Each structure stands twice: as structure tokens, then as C-alpha cells.
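Dropping start02.tsv in here (TSV, C-alpha atoms):
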chain	number	residue	atom	x	y	z
D	1	MET	CA	120.76	135.74	138.57
D	2	SER	CA	121.61	136.13	142.23
D	3	PHE	CA	122.60	139.26	144.09
D	4	LEU	CA	126.17	137.99	144.42
D	5	ASP	CA	126.42	137.31	140.67
D	6	TYR	CA	125.63	140.97	140.21
D	7	PHE	CA	128.83	141.99	141.96
D	8	LEU	CA	131.01	139.14	140.80
D	9	GLY	CA	130.36	139.99	137.15
D	10	SER	CA	127.19	138.57	135.71
D	11	ARG	CA	126.69	135.99	133.01
D	12	LYS	CA	126.28	137.44	129.55
D	13	LYS	CA	122.83	137.92	128.07
D	14	THR	CA	123.10	135.74	125.02
D	15	ALA	CA	119.48	135.14	124.00
D	16	HIS	CA	119.43	138.16	121.69
D	17	VAL	CA	122.59	136.89	119.97
D	18	ALA	CA	120.81	133.58	119.34
D	19	LYS	CA	117.79	135.39	117.93
D	20	ASP	CA	119.82	137.58	115.58
D	21	ARG	CA	121.82	134.61	114.28
D	22	LEU	CA	118.67	132.59	113.70
D	23	LYS	CA	116.94	135.47	111.90
D	24	LEU	CA	119.78	135.62	109.40
D	25	ILE	CA	120.23	131.92	108.84
D	26	LEU	CA	116.51	131.14	108.56
D	27	ALA	CA	115.97	133.92	106.02
D	28	HIS	CA	118.92	132.61	104.02
D	29	GLU	CA	117.80	128.97	104.13
D	30	ARG	CA	114.21	129.79	103.22
D	31	ASP	CA	115.39	131.68	100.15
D	32	ALA	CA	117.74	128.89	99.14
D	33	ASP	CA	114.92	126.37	99.03
D	34	GLY	CA	112.80	128.56	96.79
D	35	PRO	CA	109.09	127.97	96.34
D	36	ASP	CA	108.17	124.36	95.77
D	37	PHE	CA	106.24	124.87	92.56
D	38	LEU	CA	109.31	125.88	90.53
D	39	PRO	CA	110.19	122.41	89.17
D	40	ALA	CA	106.58	121.76	88.18
D	41	LEU	CA	106.31	125.22	86.61
D	42	GLN	CA	109.47	124.55	84.64
D	43	GLU	CA	108.08	121.22	83.35
D	44	GLU	CA	104.79	122.74	82.30
D	45	LEU	CA	106.35	125.77	80.61
D	46	LEU	CA	108.66	123.47	78.72
D	47	ALA	CA	105.70	121.40	77.53
D	48	VAL	CA	103.87	124.48	76.24
D	49	ILE	CA	106.90	126.02	74.55
D	50	ALA	CA	107.92	122.70	73.01
D	51	LYS	CA	104.56	122.61	71.22
D	52	TYR	CA	105.71	125.57	69.12
D	53	ILE	CA	109.49	125.66	69.25
D	54	PRO	CA	111.85	122.73	69.80
D	55	VAL	CA	113.80	123.57	72.96
D	56	ASP	CA	115.90	121.33	75.19
D	57	LYS	CA	115.11	120.90	78.83
D	58	GLU	CA	118.56	122.28	79.69
D	59	ASN	CA	117.82	125.49	77.84
D	60	ILE	CA	115.02	126.64	80.07
D	61	LYS	CA	115.71	128.07	83.51
D	62	VAL	CA	113.19	129.28	86.04
D	63	SER	CA	114.31	131.05	89.18
D	64	MET	CA	112.82	133.14	91.92
D	65	GLU	CA	114.78	135.75	93.80
D	66	ARG	CA	114.15	138.50	96.26
D	67	ARG	CA	115.07	142.05	95.31
D	68	GLY	CA	114.29	144.44	98.12
D	69	ASP	CA	110.59	144.14	98.80
D	70	PHE	CA	109.83	142.29	95.57
D	71	GLU	CA	110.07	138.70	94.55
D	72	VAL	CA	111.14	138.37	90.94
D	73	LEU	CA	110.26	135.33	88.86
D	74	GLU	CA	112.88	135.03	86.16
D	75	LEU	CA	112.39	132.88	83.10
D	76	ASN	CA	115.28	132.24	80.72
D	77	ILE	CA	114.76	130.32	77.52
D	78	LEU	CA	117.59	129.73	75.12
D	79	PHE	CA	116.13	129.18	71.66
D	80	PRO	CA	117.92	126.92	69.23
D	81	ASP	CA	119.67	128.56	66.24
D	82	GLN	CA	117.35	129.45	63.38
D	83	HIS	CA	117.79	127.31	60.31
Y	1	MET	CA	86.33	111.35	110.42
Y	2	ALA	CA	89.66	110.34	111.94
Y	3	LYS	CA	92.34	112.96	112.24
Y	4	ILE	CA	96.04	112.15	111.84
Y	5	ILE	CA	98.52	114.21	113.85
Y	6	VAL	CA	102.30	113.97	113.52
Y	7	ILE	CA	104.58	114.89	116.41
Y	8	THR	CA	107.79	116.00	114.74
Y	9	SER	CA	110.84	118.26	115.24
Y	10	GLY	CA	113.80	117.46	113.04
Y	11	LYS	CA	116.18	117.53	115.98
Y	12	GLY	CA	116.41	114.61	118.38
Y	13	GLY	CA	115.97	114.75	122.14
Y	14	VAL	CA	113.58	117.71	122.22
Y	15	GLY	CA	110.60	115.77	123.57
Y	16	LYS	CA	108.75	114.20	120.64
Y	17	THR	CA	108.09	110.85	122.31
Y	18	THR	CA	107.30	112.46	125.68
Y	19	THR	CA	104.84	114.72	123.88
Y	20	SER	CA	103.35	111.90	121.78
Y	21	ALA	CA	102.69	109.83	124.93
Y	22	ALA	CA	101.25	112.75	126.92
Y	23	PHE	CA	99.20	114.18	124.05
Y	24	ALA	CA	97.71	110.84	122.98
Y	25	SER	CA	96.88	110.05	126.64
Y	26	GLY	CA	95.27	113.49	126.98
Y	27	LEU	CA	93.03	112.93	123.94
Y	28	ALA	CA	92.01	109.53	125.33
Y	29	LEU	CA	91.27	111.05	128.77
Y	30	ARG	CA	88.89	113.40	126.99
Y	31	GLY	CA	87.03	110.37	125.66
Y	32	TYR	CA	88.40	110.15	122.12
Y	33	ARG	CA	89.39	106.79	120.69
Y	34	THR	CA	93.11	107.34	120.14
Y	35	VAL	CA	96.05	105.34	118.83
Y	36	VAL	CA	99.69	106.41	119.10
Y	37	ILE	CA	102.16	104.95	116.60
Y	38	ASP	CA	105.94	104.71	116.93
Y	39	PHE	CA	107.59	105.48	113.57
Y	40	ASP	CA	111.15	105.29	114.89
Y	41	VAL	CA	112.04	101.95	113.29
Y	42	GLY	CA	115.18	100.49	114.82
Y	43	LEU	CA	115.14	102.75	117.87
Y	44	ARG	CA	111.84	101.82	119.49
Y	45	ASN	CA	111.14	103.94	122.58
Y	46	LEU	CA	107.48	104.90	122.70
Y	47	ASP	CA	106.68	101.55	124.37
Y	48	LEU	CA	109.05	102.43	127.24
Y	49	ILE	CA	107.60	105.91	127.72
Y	50	MET	CA	104.08	104.45	127.65
Y	51	GLY	CA	105.13	101.69	130.06
Y	52	CYS	CA	104.01	98.81	127.83
Y	53	GLU	CA	107.40	97.47	126.72
Y	54	ARG	CA	106.81	94.02	128.20
Y	55	ARG	CA	103.55	93.57	126.35
Y	56	VAL	CA	104.95	94.07	122.84
Y	57	VAL	CA	104.40	90.91	120.78
Y	58	TYR	CA	103.79	92.15	117.25
Y	59	ASP	CA	104.64	95.57	115.84
Y	60	LEU	CA	103.93	97.95	112.95
Y	61	ILE	CA	106.44	96.22	110.68
Y	62	ASN	CA	104.89	92.78	111.31
Y	63	VAL	CA	101.55	94.25	110.26
Y	64	ILE	CA	103.00	95.88	107.14
Y	65	GLN	CA	104.73	92.64	106.15
Y	66	GLY	CA	101.54	90.64	106.68
Y	67	GLU	CA	102.92	88.60	109.61
Y	68	ALA	CA	100.28	89.86	112.03
Y	69	LYS	CA	96.87	91.44	111.96
Y	70	LEU	CA	96.55	95.04	113.09
Y	71	GLN	CA	94.37	93.98	116.05
Y	72	GLN	CA	97.16	91.67	117.25
Y	73	ALA	CA	99.75	94.48	117.25
Y	74	LEU	CA	97.65	97.13	119.01
Y	75	ILE	CA	98.41	97.27	122.74
Y	76	LYS	CA	95.65	98.54	125.01
Y	77	ASP	CA	96.93	101.21	127.39
Y	78	LYS	CA	96.61	100.28	131.05
Y	79	ARG	CA	95.66	103.79	132.21
Y	80	CYS	CA	93.28	105.08	129.56
Y	81	GLU	CA	90.21	103.23	128.38
Y	82	ASN	CA	90.29	104.58	124.80
Y	83	LEU	CA	94.02	104.47	124.09
Y	84	TYR	CA	96.06	101.99	122.07
Y	85	VAL	CA	99.79	101.86	121.29
Y	86	LEU	CA	101.20	100.58	118.02
Y	87	PRO	CA	104.89	99.92	118.66
Y	88	THR	CA	107.56	99.75	116.00
Y	89	SER	CA	110.16	97.08	115.40
Y	90	GLN	CA	113.83	97.05	116.28
Y	91	THR	CA	114.85	95.80	112.86
Y	92	ARG	CA	117.84	97.43	111.27
Y	93	ASP	CA	116.23	97.13	107.86
Y	94	LYS	CA	115.66	100.74	106.87
Y	95	ASP	CA	113.25	99.84	104.10
Y	96	ALA	CA	110.89	97.97	106.42
Y	97	LEU	CA	108.45	100.89	106.29
Y	98	THR	CA	106.87	101.06	102.84
Y	99	THR	CA	104.62	103.83	101.60
Y	100	ALA	CA	101.95	101.36	100.51
Y	101	GLY	CA	102.18	99.46	103.80
Y	102	VAL	CA	101.87	102.58	105.96
Y	103	THR	CA	98.96	103.84	103.84
Y	104	ALA	CA	97.12	100.53	104.28
Y	105	VAL	CA	97.62	100.63	108.08
Y	106	MET	CA	96.43	104.25	108.23
Y	107	ASP	CA	93.33	103.45	106.19
Y	108	GLU	CA	92.45	100.62	108.58
Y	109	LEU	CA	93.10	102.74	111.70
Y	110	ARG	CA	90.96	105.58	110.35
Y	111	LYS	CA	87.90	103.33	110.60
Y	112	GLU	CA	88.50	102.54	114.28
Y	113	PHE	CA	89.87	105.74	115.83
Y	114	ASP	CA	89.10	109.43	116.26
Y	115	TYR	CA	92.76	110.44	116.51
Y	116	ILE	CA	95.90	108.82	115.14
Y	117	VAL	CA	99.05	110.27	116.72
Y	118	CYS	CA	102.31	109.58	114.84
Y	119	ASP	CA	105.53	109.80	116.85
Y	120	SER	CA	108.18	110.76	114.27
Y	121	PRO	CA	111.85	109.79	114.46
Y	122	ALA	CA	114.42	112.59	114.47
Y	123	GLY	CA	116.02	113.66	111.21
Y	124	ILE	CA	114.56	114.12	107.76
Y	125	GLU	CA	115.12	110.60	106.44
Y	126	SER	CA	112.44	108.21	105.19
Y	127	GLY	CA	111.06	107.33	108.64
Y	128	ALA	CA	110.38	110.98	109.43
Y	129	LEU	CA	108.89	111.57	105.97
Y	130	MET	CA	106.69	108.50	106.37
Y	131	ALA	CA	105.46	109.74	109.77
Y	132	LEU	CA	104.43	113.14	108.44
Y	133	TYR	CA	103.13	112.03	105.03
Y	134	HIS	CA	99.52	111.32	106.05
Y	135	ALA	CA	99.23	114.09	108.62
Y	136	ASP	CA	96.23	116.42	108.79
Y	137	GLU	CA	97.86	118.42	111.57
Y	138	ALA	CA	101.44	118.65	112.86
Y	139	ILE	CA	102.81	119.50	116.28
Y	140	VAL	CA	106.37	120.76	115.85
Y	141	VAL	CA	108.22	120.26	119.14
Y	142	THR	CA	110.91	122.88	119.66
Y	143	ASN	CA	113.36	123.74	122.44
Y	144	PRO	CA	114.28	127.43	122.89
Y	145	GLU	CA	117.74	126.78	121.50
Y	146	VAL	CA	119.37	127.61	118.15
Y	147	SER	CA	119.78	124.16	116.58
Y	148	SER	CA	116.29	123.05	117.55
Y	149	VAL	CA	114.71	126.21	116.10
Y	150	ARG	CA	116.62	125.83	112.85
Y	151	ASP	CA	115.65	122.15	112.49
Y	152	SER	CA	112.01	123.00	113.23
Y	153	ASP	CA	112.12	125.51	110.39
Y	154	ARG	CA	113.38	122.79	108.06
Y	155	ILE	CA	110.62	120.42	109.15
Y	156	LEU	CA	107.98	123.14	108.60
Y	157	GLY	CA	109.31	123.49	105.04
Y	158	ILE	CA	109.12	119.73	104.53
Y	159	LEU	CA	105.55	119.59	105.88
Y	160	ALA	CA	104.56	122.23	103.36
Y	161	ALA	CA	106.19	120.39	100.47
Y	162	ARG	CA	106.27	116.64	101.08
Y	163	SER	CA	103.08	115.74	102.92
Y	164	ARG	CA	100.21	113.94	101.19
Y	165	ARG	CA	98.13	117.10	101.48
Y	166	ALA	CA	100.84	119.11	99.71
Y	167	GLU	CA	101.36	116.50	97.01
Y	168	GLN	CA	97.66	116.23	96.27
Y	169	GLY	CA	97.09	119.97	96.36
Y	170	GLU	CA	94.72	119.78	99.33
Y	171	GLU	CA	94.44	122.27	102.16
Y	172	PRO	CA	97.90	122.37	103.82
Y	173	VAL	CA	98.78	120.49	107.01
Y	174	LYS	CA	97.70	122.60	110.01
Y	175	GLU	CA	100.88	123.43	111.93
Y	176	HIS	CA	101.23	123.96	115.67
Y	177	LEU	CA	104.31	124.96	117.62
Y	178	LEU	CA	104.97	123.34	121.00
Y	179	LEU	CA	107.79	124.85	123.02
Y	180	THR	CA	109.30	122.36	125.49
Y	181	ARG	CA	112.00	122.50	128.17
Y	182	TYR	CA	111.14	126.16	128.68
Y	183	SER	CA	112.82	127.89	131.60
Y	184	PRO	CA	111.09	131.21	132.41
Y	185	LYS	CA	113.90	132.16	134.80
Y	186	ARG	CA	116.57	131.82	132.14
Y	187	VAL	CA	114.39	133.73	129.67
Y	188	GLU	CA	114.04	136.54	132.21
Y	189	ASP	CA	117.81	136.55	132.69
Y	190	GLY	CA	118.30	136.92	128.95
Y	191	GLU	CA	119.97	133.52	128.62
Y	192	MET	CA	117.24	131.73	126.69
Y	193	LEU	CA	115.13	132.54	123.63
Y	194	SER	CA	111.66	133.65	124.76
Y	195	LEU	CA	108.43	132.15	123.48
Y	196	GLU	CA	107.79	135.40	121.60
Y	197	ASP	CA	111.23	135.08	119.94
Y	198	VAL	CA	110.58	131.51	118.80
Y	199	LYS	CA	107.05	132.32	117.62
Y	200	GLU	CA	108.37	135.22	115.58
Y	201	LEU	CA	111.24	133.20	114.09
Y	202	LEU	CA	109.10	130.20	113.09
Y	203	ARG	CA	105.90	132.12	112.22
Y	204	THR	CA	103.78	129.27	113.52
Y	205	PRO	CA	100.87	129.47	116.00
Y	206	LEU	CA	101.85	128.40	119.51
Y	207	LEU	CA	99.90	125.43	120.90
Y	208	GLY	CA	101.60	125.50	124.28
Y	209	VAL	CA	104.67	125.79	126.45
Y	210	ILE	CA	105.94	122.88	128.55
Y	211	PRO	CA	108.27	124.04	131.33
Y	212	GLU	CA	111.63	122.38	131.96
Y	213	SER	CA	110.97	119.99	134.82
Y	214	GLU	CA	112.48	117.08	136.70
Y	215	VAL	CA	109.05	115.46	136.58
Y	216	ILE	CA	109.68	114.40	132.96
Y	217	LEU	CA	112.52	112.10	134.06
Y	218	GLN	CA	110.47	110.75	136.96
Y	219	ALA	CA	107.68	109.97	134.50
Y	220	SER	CA	109.89	108.24	131.94
Y	221	ASN	CA	111.71	106.27	134.67
Y	222	GLN	CA	108.39	104.70	135.58
Y	223	GLY	CA	106.85	104.45	132.12
Y	224	ILE	CA	104.06	106.87	132.97
Y	225	PRO	CA	103.03	109.45	130.35
Y	226	ALA	CA	103.80	112.86	131.87
Y	227	ILE	CA	100.17	113.98	131.71
Y	228	HIS	CA	99.39	111.50	134.53
Y	229	MET	CA	101.94	113.06	136.95
Y	230	GLU	CA	99.39	114.50	139.36
Y	231	ASN	CA	99.86	118.05	140.64
Y	232	SER	CA	102.84	118.76	138.39
Y	233	ASP	CA	103.15	121.81	136.16
Y	234	VAL	CA	104.11	119.54	133.25
Y	235	ALA	CA	100.88	117.52	133.49
Y	236	GLU	CA	98.83	120.71	133.73
Y	237	ALA	CA	100.67	122.23	130.75
Y	238	TYR	CA	100.00	119.11	128.64
Y	239	LYS	CA	96.31	119.15	129.64
Y	240	ASP	CA	96.16	122.77	128.43
Y	241	VAL	CA	97.78	121.73	125.14
Y	242	VAL	CA	95.14	119.06	124.57
Y	243	ALA	CA	92.34	121.50	125.43
Y	244	ARG	CA	93.69	124.12	123.01
Y	245	PHE	CA	94.08	121.49	120.32
Y	246	LEU	CA	90.40	120.65	120.79
Y	247	GLY	CA	89.54	124.31	120.27
Y	248	GLU	CA	89.19	125.52	123.87
Y	249	GLU	CA	90.64	128.82	125.05
Y	250	ARG	CA	93.32	128.37	127.71
Y	251	PRO	CA	95.74	131.09	128.80
Y	252	LEU	CA	99.43	130.14	128.81
Y	253	ARG	CA	100.66	129.06	132.25
Y	254	PHE	CA	104.10	128.39	133.76
Y	255	ILE	CA	105.76	131.06	131.63
Y	256	GLN	CA	106.69	133.39	134.48
Y	257	PRO	CA	109.61	132.71	136.82
Y	258	VAL	CA	108.69	131.36	140.25
Y	259	LYS	CA	109.42	134.07	142.80
Y	260	VAL	CA	112.23	133.07	145.14
Y	261	GLY	CA	112.81	134.26	148.68
Y	262	PHE	CA	115.24	136.94	149.76
Y	263	PHE	CA	117.96	134.58	151.05
Y	264	LYS	CA	117.88	132.44	147.94
Y	265	ARG	CA	118.23	135.58	145.85
Y	266	LEU	CA	121.14	136.72	147.99
Y	267	PHE	CA	123.09	133.51	147.81
Y	268	GLY	CA	121.95	132.14	144.47
Y	269	GLY	CA	120.64	128.67	143.79

Represent the structure of the file as C-alpha cells.
Amino acid sequence: MSFLDYFLGSRKKTAHVAKDRLKLILAHERDADGPDFLPALQEELLAVIAKYIPVDKENIKVSMERRGDFEVLELNILFPDQH
Amino acid sequence: MAKIIVITSGKGGVGKTTTSAAFASGLALRGYRTVVIDFDVGLRNLDLIMGCERRVVYDLINVIQGEAKLQQALIKDKRCENLYVLPTSQTRDKDALTTAGVTAVMDELRKEFDYIVCDSPAGIESGALMALYHADEAIVVTNPEVSSVRDSDRILGILAARSRRAEQGEEPVKEHLLLTRYSPKRVEDGEMLSLEDVKELLRTPLLGVIPESEVILQASNQGIPAIHMENSDVAEAYKDVVARFLGEERPLRFIQPVKVGFFKRLFGG
């Protein structure tokens, strides 16, 4: 920035705006992807559970989410009706 | 044991091919047998940057499709004794690169070379995935600018998930960050993300900083890899990058603004 710019009204300092925006969007996009082992984990859990109880693939859900400082692995299995 | 390095970025125009040419030349200057491969099928450009465009007869796709032997497609660099270029084809057939074909070429190159440098196309389509698949190490080229940083983050995620090392549960691809087109003056003025900012955002070790420079255009105009541009900051910065890659300690250079005289400060410029 030159001396004259100083008096003529300087250009805005925008680098920190870029950094703040990136911090937010990167954190969001990293969460959205989730860890890469989830599909494999889901497959393997299904295989184990199916050995004992007949469950459909659609009825098992594995998800990972961040709550405060913790990451929570959530496992939802919908068992078929008892006969 | 040969090492495979991918030069990647996600975003186009950040300096992947410039870096591939300079980095591969730098490894060869240090005495390593090196080959640099263009993975940008359809938009061949590495040959131009390396200055060997008039010597291309056969290319990577010819080799994959069995129309030429690998030795026929490798072009010996005219400046470095140990360097070869494997150009790509200009075909519009997107499926010309096959996983099996690329794997076979890599296996053959491993026997002949110390370093295999893969110049990735932009984007996250099959060409880019193919370029990074076999990598042992990755240099992620990033400009201090929002879209480039975001795309680099995506590519880092893909390296961790889709590379051969990830698929086979081996030790992950070693990632390096290379910041290019860096303008210390604009960083000082608060107009450009600093190297500390980008390092913090991408959480990846910094391999080097290449300053913004008119020398890059002079180099590409003449088909000379930028590392050969004597007495330029860009050539020096690339030599530092190669040294650090080889495990040597080199302090970062060209990251402080050049001091300008009083009159220039007064009247701008």
C-alpha cells in the first residue's frame, strides 16, 4: 500500500474474511463426508447381525456426528416384527 | 524402490504442470532417474512446458493400448541426463486410461526409475483419480485464494480415501502442501491469505512456497522448466522444495516483501 493510498482511503483488508469463510465451509464439508469406514462398517455389522436375526439392509443405519467435543457413532437397527 | 509422487490440486491453473516439470527436473538434477507423466488426457500440456512437444511420437495411451512399447514413448529430456517425459494423448476418448493399463505402465516404470512424477489433470474425475491412485506421496499445489484452498481440501480427502494405499489399508499417502503464486506484499497488506493461514486451514505440512513471478511465463513461453531459470527466485524456491522433499533442512525464502524505496512508497507502484 502506498503513502498516497493511505490518504485516499485504503483498500480493504480482506484476507481475514477469506480465512473465516474457509474455516466454516471446510469444517462443514469435512463433517458431511463422514469417515470413510462407515459403509464398510455398515456391511460388516449387517453380516454379523444377519447371522442371528434376519434384518434388511435398509433397516440398519450407521452415522457419525459431532456433538460439542465428542464424536458420536450412532447405530440404528430396526428389527423385524416378532412372529 | 521407486517412489511415485502425484502433483495434484483439484482446481485448474494453480501450477500443477509448472510444478511437475520443475520438480521432476530438480530430482533429475540431483542425480535420480526420474520420469514425469502427463495424466491430462485430451488436454496435453506437459510436453509444451518441458519443451519437447515436437518430439512426441507415441504417448501413454498408445502404450496402454499396446500400439507402442514404453521405451518408444519415453522422451529423453534435453537438459537433464536422468529425466524422461511420458506425454499423454489428445484423444477425446475419456476411457482411454484404464486402471489395468496404468497399473501395468507403473509396474514397468518402477523397475527403471527412482522417482515417477504424475502430473494430474484438474478436477476429481477419472483422470485425476487415476493420477493419484498409485501415489506414495502427494504434492498438493495450492494458491492462497479461497477456491483453490477449498479444492485442495477436497483432494486431500480423496487421497485419504481413494488411493491404492487407502484401499489396501497400507500406510497413507504422505501429503505435502506447496503454496504457489504467493505474494508476500499482498499478504503483508492483508489482501492475501498467509502461508500460516493456509497451513492451518489444510492441516498439511508445508513443502515450500513459490513466489508469484513473471519468470514463470518467461519459462513456459520458451518450454524451459522454471527450475532452470538461472538467478530467479522461482528457480531457487523450487530447488529448496526438491531439497526438502529429499529430507534436507532448508529455511523458507521469498516470503517477506521486497523493501521498496522511499519514492516508490510515496507514489505507489

Point to revise | For region 38-53 of chain D: contacts at 9 Å, only C-alpha atoms, fewer than 6 positions along chain excluded, given as JSON, numbers by chain | key: {"D": [60, 61, 62, 63, 64, 75, 79, 80]}

Identify every residue of chain Y that has at least one atom within 10 Å of any atom of chain D, counting all atoms listed in the file, and report the result as a PDB file with C-alpha atoms, keeping the file's coordinate frame.
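Resulting contents of result07.pdb:
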ATOM      1  CA  PRO Y 144     114.280 127.430 122.890  1.00  0.00           C
ATOM      2  CA  GLU Y 145     117.740 126.780 121.500  1.00  0.00           C
ATOM      3  CA  VAL Y 146     119.370 127.610 118.150  1.00  0.00           C
ATOM      4  CA  SER Y 147     119.780 124.160 116.580  1.00  0.00           C
ATOM      5  CA  VAL Y 149     114.710 126.210 116.100  1.00  0.00           C
ATOM      6  CA  ARG Y 150     116.620 125.830 112.850  1.00  0.00           C
ATOM      7  CA  ASP Y 151     115.650 122.150 112.490  1.00  0.00           C
ATOM      8  CA  ASP Y 153     112.120 125.510 110.390  1.00  0.00           C
ATOM      9  CA  ARG Y 154     113.380 122.790 108.060  1.00  0.00           C
ATOM     10  CA  GLY Y 157     109.310 123.490 105.040  1.00  0.00           C
ATOM     11  CA  ILE Y 158     109.120 119.730 104.530  1.00  0.00           C
ATOM     12  CA  ALA Y 160     104.560 122.230 103.360  1.00  0.00           C
ATOM     13  CA  ALA Y 161     106.190 120.390 100.470  1.00  0.00           C
ATOM     14  CA  ARG Y 162     106.270 116.640 101.080  1.00  0.00           C
ATOM     15  CA  ALA Y 166     100.840 119.110  99.710  1.00  0.00           C
ATOM     16  CA  LYS Y 185     113.900 132.160 134.800  1.00  0.00           C
ATOM     17  CA  ARG Y 186     116.570 131.820 132.140  1.00  0.00           C
ATOM     18  CA  VAL Y 187     114.390 133.730 129.670  1.00  0.00           C
ATOM     19  CA  GLU Y 188     114.040 136.540 132.210  1.00  0.00           C
ATOM     20  CA  ASP Y 189     117.810 136.550 132.690  1.00  0.00           C
ATOM     21  CA  GLY Y 190     118.300 136.920 128.950  1.00  0.00           C
ATOM     22  CA  GLU Y 191     119.970 133.520 128.620  1.00  0.00           C
ATOM     23  CA  MET Y 192     117.240 131.730 126.690  1.00  0.00           C
ATOM     24  CA  LEU Y 193     115.130 132.540 123.630  1.00  0.00           C
ATOM     25  CA  SER Y 194     111.660 133.650 124.760  1.00  0.00           C
ATOM     26  CA  ASP Y 197     111.230 135.080 119.940  1.00  0.00           C
ATOM     27  CA  VAL Y 198     110.580 131.510 118.800  1.00  0.00           C
ATOM     28  CA  GLU Y 200     108.370 135.220 115.580  1.00  0.00           C
ATOM     29  CA  LEU Y 201     111.240 133.200 114.090  1.00  0.00           C
ATOM     30  CA  LEU Y 202     109.100 130.200 113.090  1.00  0.00           C
ATOM     31  CA  PHE Y 262     115.240 136.940 149.760  1.00  0.00           C
ATOM     32  CA  PHE Y 263     117.960 134.580 151.050  1.00  0.00           C
ATOM     33  CA  LYS Y 264     117.880 132.440 147.940  1.00  0.00           C
ATOM     34  CA  ARG Y 265     118.230 135.580 145.850  1.00  0.00           C
ATOM     35  CA  LEU Y 266     121.140 136.720 147.990  1.00  0.00           C
ATOM     36  CA  PHE Y 267     123.090 133.510 147.810  1.00  0.00           C
ATOM     37  CA  GLY Y 268     121.950 132.140 144.470  1.00  0.00           C
ATOM     38  CA  GLY Y 269     120.640 128.670 143.790  1.00  0.00           C
TER      39      GLY Y 269
END

Point to revise | Sel. within 6 Å of pt (105.0, 114.3, 116.5), counting all atoms listed in the file, output as a ChimeraX atom specification | key: /Y:6-8,16,118-120,139

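When all atoms listed in the file are used to compute distances to Leu179 (chain Y), the closest of the residues Y:Ala243, Y:Leu27, Y:Leu252, Y:Ala100 turns out to be Y:Leu252.
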
Check your understanding: Any idea what the distance is between CA of Ser163 (chain Y) and CA of Glu137 (chain Y)?
Key ->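 Pair CA of Ser163 (chain Y) / CA of Glu137 (chain Y) returns 10.5 Å.
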
Exercise for review: Write out as a list in words which residues come within 8 Å of Gly223 (chain Y) when counting all atoms listed in the file, dropping same-chain ones fewer than 2 positions away.
Suggested key: Leu48, Ile49, Met50, Gly51, Cys52, Ala219, Ser220, Asn221 and Pro225 of chain Y

Exercise for review: Just the residues within 10 Å of Leu78 (chain D), please, counting all atoms listed in the file, with nothing from its chain fewer than 6 positions along; format it as a ChimeraX atom specification.
Suggested key: /D:55-61

Restricted to C-alpha atoms, what would the selected residues look like written as a PDB file, in the frame of the given file?
ATOM      1  CA  VAL D  55     113.800 123.570  72.960  1.00  0.00           C
ATOM      2  CA  ASP D  56     115.900 121.330  75.190  1.00  0.00           C
ATOM      3  CA  LYS D  57     115.110 120.900  78.830  1.00  0.00           C
ATOM      4  CA  GLU D  58     118.560 122.280  79.690  1.00  0.00           C
ATOM      5  CA  ASN D  59     117.820 125.490  77.840  1.00  0.00           C
ATOM      6  CA  ILE D  60     115.020 126.640  80.070  1.00  0.00           C
ATOM      7  CA  LYS D  61     115.710 128.070  83.510  1.00  0.00           C
TER       8      LYS D  61
END

Review point. Separation of CA of Lys69 (chain Y) and CA of Lys3 (chain Y), in Å?
Key: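 So the answer is 22.0 Å.
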
Check your understanding: Which polymer residues, protein or nucleic acid, are no farther than 12 Å from (108.5, 90.3, 124.0), counting only C-alpha atoms, as number ranges by chain?
Key -> Y: 47, 52-59, 73, 87, 89-90

Dump as a PDB file, in the coordinates of the input, selection limited to C-alpha atoms:
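result.pdb, freshly written:
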ATOM      1  CA  ASP Y  47     106.680 101.550 124.370  1.00  0.00           C
ATOM      2  CA  CYS Y  52     104.010  98.810 127.830  1.00  0.00           C
ATOM      3  CA  GLU Y  53     107.400  97.470 126.720  1.00  0.00           C
ATOM      4  CA  ARG Y  54     106.810  94.020 128.200  1.00  0.00           C
ATOM      5  CA  ARG Y  55     103.550  93.570 126.350  1.00  0.00           C
ATOM      6  CA  VAL Y  56     104.950  94.070 122.840  1.00  0.00           C
ATOM      7  CA  VAL Y  57     104.400  90.910 120.780  1.00  0.00           C
ATOM      8  CA  TYR Y  58     103.790  92.150 117.250  1.00  0.00           C
ATOM      9  CA  ASP Y  59     104.640  95.570 115.840  1.00  0.00           C
ATOM     10  CA  ALA Y  73      99.750  94.480 117.250  1.00  0.00           C
ATOM     11  CA  PRO Y  87     104.890  99.920 118.660  1.00  0.00           C
ATOM     12  CA  SER Y  89     110.160  97.080 115.400  1.00  0.00           C
ATOM     13  CA  GLN Y  90     113.830  97.050 116.280  1.00  0.00           C
TER      14      GLN Y  90
END

Check your understanding: Distance CA of Leu109 (chain Y)-CA of Asn62 (chain Y), one decimal place?
Key -> 15.4 Å
